[in-house]
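Have a look at the structure below, then the notes.
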Amino acid sequence: MADDLKKGLEGVLVAESGLSSIDGDAGRLIYRGYSIEDLARGASYEEVLYLLWHGELPTADELESFAAALSEEREVHDDVLDAMERLATADERPMAALRTAVSMFSAYEPETDADPEDLEATMRKGRRITAKIPTALAAFERYRLGEEPVDPHPDLGLAANFLYMLTGEEPSDVHAETFDQALILHADHGLNASTFTSMVIGSTMADIYSAVTGGVSALSGPLHGGANQDVMEVLMEIDESNLDPLDWVEQATDEGRRIPGFGHRVYNVKDPRAKILQERSKELAESGDSKWYDITTTIEEYLSQEKGLAEKGIAPNVDFYSGSVYYQLGIPIDMYTPIFAMSRAGGWVGHVLEYQEDNRLIRPLSRYTGPTDQEFVPVDER
Ligand SMILES: CC(=O)SCCNC(=O)CCNC(=O)[C@H](O)C(C)(C)COP(=O)(O)OP(=O)(O)OC[C@H]1O[C@@H](n2cnc3c(N)ncnc32)[C@H](O)[C@@H]1OP(=O)(O)O
Ligand SMILES: O=C([O-])CC(=O)C(=O)O
């Protein structure tokens, strides 16, 4: 491979950004200068959204009006609810239902005629999308269960309200805080594949609905956001196999299986978000069933130490412990990746807004390797 061809765009610098920064050797992640640990400990998802979109942490008053504006936008149009019902009846996957929902939101956008260069309007649209995603997703889940959707609760924050709309019951403080923290941890991560997808779409000055729909699509794959669901499925496969988790993982890796939740393009050490989620998973396990936490740590130890992956710079990523956290919060497994999208929508919108401030169409090159000078033969002579 020639030196100038960077497969997978590895190491290629394509933009400047003030949103988030990753030190892959130190295992450090910051959003606009604040460590992910401090934000996870002290902020709410709404606060982090404000930080990402506005560049600085809000004052108490700013946060109150920002959260209120988000809360006011939670309801989705009846047509979107109908679509969620139809897709649930057709047994569609929730990630695909979400892709459809985000695309549909634009049909009911009040500022549909806003100038694409009006970034304030784009931010308001982004706010609407971010506010509505939890409602559409929860409605989809309710329809799957044969139940009616639960209306958003105006007094609950975005995280607690999602859990409320999912189950019809207000979550405990521990569950609401844990879920809020998970949303904070997933909100942004440099130019990951889905964020880059959104930026490419945004660079054409297409609308933010298109950019976020593209982000959802890119996130769905098993190499990216889809891995959190895969991790939980592996944990369940181990449980159902009745094998000792150590024997299972040994056998699986000997067969050349790649364990989801391990490895990352940027981190060479354990992802700092995995450390935080591991703590949350452990805490939930202490007051419930420790099985999932125990299996996860067994896999981590085996792969990192005995299999030598740590030495090769292959370590647990954000998806490795999020599955067991969500499972213990009672969230259905195929909702894990949509939940990731619910949070990362904030990052997608933030990056599109930032890039469009000084926009240039993103258009890389590929090297042509096909034939040249072919003689055209009309179809009836071929
Ligand atoms: C939110 C997120 O998107 S985080 C990532 C979520 N995805 C996953 O967890 C899926 C599992 N992980 C992977 O498939 C990869 O690590 C990726 C896709 C995340 C990163 O991929 P890349 O940077 O392209 O690395 P690539 O696939 O080339 O792997 C590099 C080396 O690490 C090894 N490797 C990467 N991931 C793993 C893994 N999970 N288990 C075992 N070995 C692995 C590869 O076999 C390869 O080894 P080699 O050089 O000896 O052939
Ligand atoms: O950064 C990446 O490549 C993957 C990602 O989105 C994340 O880890 O949150």
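Please note that chains go A, B, ... in the order of the structure tokens, that every chain numbers its residues from 1, and that ligands are numbered from 1 in the order shown.
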
Residues within 7 Å of stretch 361-370 of chain A, please, as JSON, numbers by chain. Count only C-alpha atoms; anything in the same chain fewer than 4 positions from it doesn't count. {"A": [200, 203, 204]}

Test item: residues lying within 10 Å of ligand 2 with only C-alpha atoms and all ligand atoms, as a ChimeraX atom specification: /A:22,185-196,219,223-225,261,263-267,271,273-274,317-319,340,344,347

Within stretch 52-263 of chain A, find each residue whose DSSP state, derived from the backbone, is alpha helix (DSSP H), and express the selection as a ChimeraX atom specification. /A:52-54,60-72,78-89,94-105,119-144,158-167,173-186,193-203,208-219,227-241,245-254

Kindly save the residues from that selection, with C-alpha atoms included, as a compact mmCIF listing (two decimals), in the first residue's frame.
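That gives us result.txt:
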```
# COMPACT_ATOMS: atom_id res chain seq x y z
CA LEU A 52 -20.60 21.12 23.74
CA TRP A 53 -22.86 23.46 21.76
CA HIS A 54 -22.07 26.79 23.43
CA ALA A 60 -27.53 28.00 36.88
CA ASP A 61 -29.98 30.32 35.08
CA GLU A 62 -28.67 29.40 31.64
CA LEU A 63 -28.95 25.72 32.48
CA GLU A 64 -32.48 26.15 33.75
CA SER A 65 -33.69 27.83 30.58
CA PHE A 66 -31.73 25.44 28.32
CA ALA A 67 -33.18 22.39 30.09
CA ALA A 68 -36.66 23.93 29.98
CA ALA A 69 -36.33 24.60 26.24
CA LEU A 70 -35.27 20.99 25.68
CA SER A 71 -38.11 19.71 27.83
CA GLU A 72 -40.65 21.77 25.86
CA ASP A 78 -48.72 11.77 16.09
CA ASP A 79 -47.52 10.69 12.64
CA VAL A 80 -44.15 9.79 14.15
CA LEU A 81 -45.91 7.82 16.88
CA ASP A 82 -47.96 6.02 14.22
CA ALA A 83 -44.77 5.18 12.34
CA MET A 84 -43.19 3.84 15.55
CA GLU A 85 -46.26 1.67 16.11
CA ARG A 86 -46.14 0.28 12.58
CA LEU A 87 -42.42 -0.44 12.80
CA ALA A 88 -42.83 -2.09 16.20
CA THR A 89 -45.61 -4.27 14.76
CA PRO A 94 -35.11 -0.13 17.28
CA MET A 95 -31.99 1.40 15.71
CA ALA A 96 -33.69 1.32 12.30
CA ALA A 97 -36.88 2.73 13.83
CA LEU A 98 -34.80 5.56 15.28
CA ARG A 99 -33.23 6.24 11.88
CA THR A 100 -36.74 6.55 10.45
CA ALA A 101 -37.96 8.70 13.34
CA VAL A 102 -35.15 11.26 13.05
CA SER A 103 -35.72 11.50 9.33
CA MET A 104 -39.46 11.99 9.92
CA PHE A 105 -38.96 14.71 12.55
CA LEU A 119 -26.48 28.38 12.57
CA GLU A 120 -28.72 29.62 15.39
CA ALA A 121 -31.65 27.99 13.58
CA THR A 122 -29.57 24.84 13.05
CA MET A 123 -28.89 24.73 16.78
CA ARG A 124 -32.59 25.06 17.56
CA LYS A 125 -33.32 22.21 15.15
CA GLY A 126 -30.56 20.17 16.79
CA ARG A 127 -32.18 20.86 20.14
CA ARG A 128 -35.51 19.60 18.84
CA ILE A 129 -33.94 16.41 17.49
CA THR A 130 -32.10 15.75 20.76
CA ALA A 131 -35.24 16.37 22.80
CA LYS A 132 -37.44 14.13 20.63
CA ILE A 133 -35.19 11.09 20.19
CA PRO A 134 -35.93 9.69 23.70
CA THR A 135 -39.68 10.11 23.16
CA ALA A 136 -39.71 8.30 19.82
CA LEU A 137 -37.54 5.48 21.15
CA ALA A 138 -39.56 4.98 24.31
CA ALA A 139 -42.79 5.00 22.27
CA PHE A 140 -41.35 2.31 19.99
CA GLU A 141 -40.55 0.15 23.00
CA ARG A 142 -44.03 0.68 24.50
CA TYR A 143 -45.70 -0.34 21.24
CA ARG A 144 -43.51 -3.46 21.10
CA LEU A 158 -33.71 14.02 29.94
CA ALA A 159 -32.20 10.82 31.40
CA ALA A 160 -34.83 10.21 34.10
CA ASN A 161 -37.63 11.10 31.69
CA PHE A 162 -36.44 8.49 29.17
CA LEU A 163 -36.49 5.75 31.82
CA TYR A 164 -39.90 7.02 32.92
CA MET A 165 -41.32 6.94 29.38
CA LEU A 166 -39.86 3.47 28.87
CA THR A 167 -41.49 1.90 31.92
CA ASP A 173 -32.31 8.24 41.96
CA VAL A 174 -29.53 5.68 41.49
CA HIS A 175 -30.92 4.51 38.16
CA ALA A 176 -31.57 8.05 36.92
CA GLU A 177 -28.08 9.22 37.92
CA THR A 178 -26.38 6.17 36.44
CA PHE A 179 -28.20 6.61 33.15
CA ASP A 180 -27.47 10.35 33.08
CA GLN A 181 -23.81 9.55 33.58
CA ALA A 182 -23.89 7.03 30.74
CA LEU A 183 -25.34 9.72 28.46
CA ILE A 184 -22.57 12.14 29.47
CA LEU A 185 -19.90 9.53 28.73
CA HIS A 186 -21.24 8.85 25.24
CA ALA A 193 -17.12 7.28 12.30
CA SER A 194 -20.65 8.50 13.02
CA THR A 195 -19.57 12.05 13.85
CA PHE A 196 -17.49 12.17 10.70
CA THR A 197 -20.49 10.89 8.73
CA SER A 198 -22.62 13.71 10.14
CA MET A 199 -19.90 16.21 9.32
CA VAL A 200 -19.57 14.98 5.73
CA ILE A 201 -23.32 15.40 5.31
CA GLY A 202 -23.23 18.80 7.05
CA SER A 203 -20.35 19.92 4.82
CA ILE A 208 -29.18 18.83 10.38
CA TYR A 209 -31.91 16.16 10.16
CA SER A 210 -30.00 14.55 7.30
CA ALA A 211 -26.74 14.82 9.23
CA VAL A 212 -28.18 13.20 12.37
CA THR A 213 -29.96 10.49 10.36
CA GLY A 214 -26.57 9.71 8.79
CA GLY A 215 -24.98 9.64 12.24
CA VAL A 216 -27.56 7.11 13.46
CA SER A 217 -26.89 4.95 10.41
CA ALA A 218 -23.12 4.97 10.87
CA LEU A 219 -23.37 4.29 14.60
CA ALA A 227 -20.80 -3.26 19.84
CA ASN A 228 -22.57 -2.47 23.14
CA GLN A 229 -25.46 -4.77 22.23
CA ASP A 230 -22.98 -7.39 21.00
CA VAL A 231 -21.13 -7.32 24.34
CA MET A 232 -24.32 -8.10 26.25
CA GLU A 233 -25.18 -10.86 23.78
CA VAL A 234 -21.75 -12.41 24.35
CA LEU A 235 -22.29 -12.25 28.13
CA MET A 236 -25.61 -14.03 27.71
CA GLU A 237 -24.10 -16.58 25.35
CA ILE A 238 -21.48 -17.36 28.00
CA ASP A 239 -24.15 -17.66 30.66
CA GLU A 240 -26.27 -19.97 28.53
CA SER A 241 -23.28 -22.11 27.52
CA PRO A 245 -16.51 -17.97 31.53
CA LEU A 246 -12.76 -18.47 31.42
CA ASP A 247 -13.09 -21.67 29.36
CA TRP A 248 -15.62 -19.99 27.08
CA VAL A 249 -13.42 -16.99 26.32
CA GLU A 250 -10.36 -19.20 25.87
CA GLN A 251 -12.23 -21.36 23.37
CA ALA A 252 -13.75 -18.36 21.58
CA THR A 253 -10.43 -16.59 21.12
CA ASP A 254 -8.71 -19.83 20.05
```

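Across the model, the gap from atom CA of A:Tyr293 to atom CA of A:Ser281 is 6.3 Å.
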
Test item, strand (DSSP E or B) assignment across stretch 15-251 of chain A, answer as a list in words: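 Those in stretch 15-251 of chain A that DSSP calls strand (DSSP E or B) are Ser20, Ser21, Ile22, Asp23, Arg28, Leu29, Ile30, Tyr31, Tyr34, Ser35, His189 and Leu191 of chain A.
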
With distances taken over only C-alpha atoms and all ligand atoms, which of A:Glu300, A:Asp113, A:Glu73, A:Asp4 is nearest to ligand 1?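 Ranked by minimum distance to ligand 1, first place goes to A:Glu300.
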
Calculated over only C-alpha atoms and all ligand atoms, which of the candidates A:Leu329, A:Leu9, A:Ile276, A:Ala40 has the smallest distance to ligand 1?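 Smallest separation from ligand 1 among the options: A:Leu9.
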
Would you mind reading off the distance between atom 1 (C, counted along the ligand's line) of ligand 1 and atom CA of A:Ile314, one decimal, in Å?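 A separation of 14.0 Å between them.
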
Using only C-alpha atoms and all ligand atoms, find the one residue out of A:Ser35, A:Gln328, A:Ser322, A:Thr112 that sits nearest to ligand 1. A:Ser322

Select, from A:Ile30, A:Leu145, A:Ile259, A:Leu243, the residue with the minimum atom-to-atom distance to ligand 1, counting only C-alpha atoms and all ligand atoms.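 Result for the nearest residue to ligand 1: A:Ile259.
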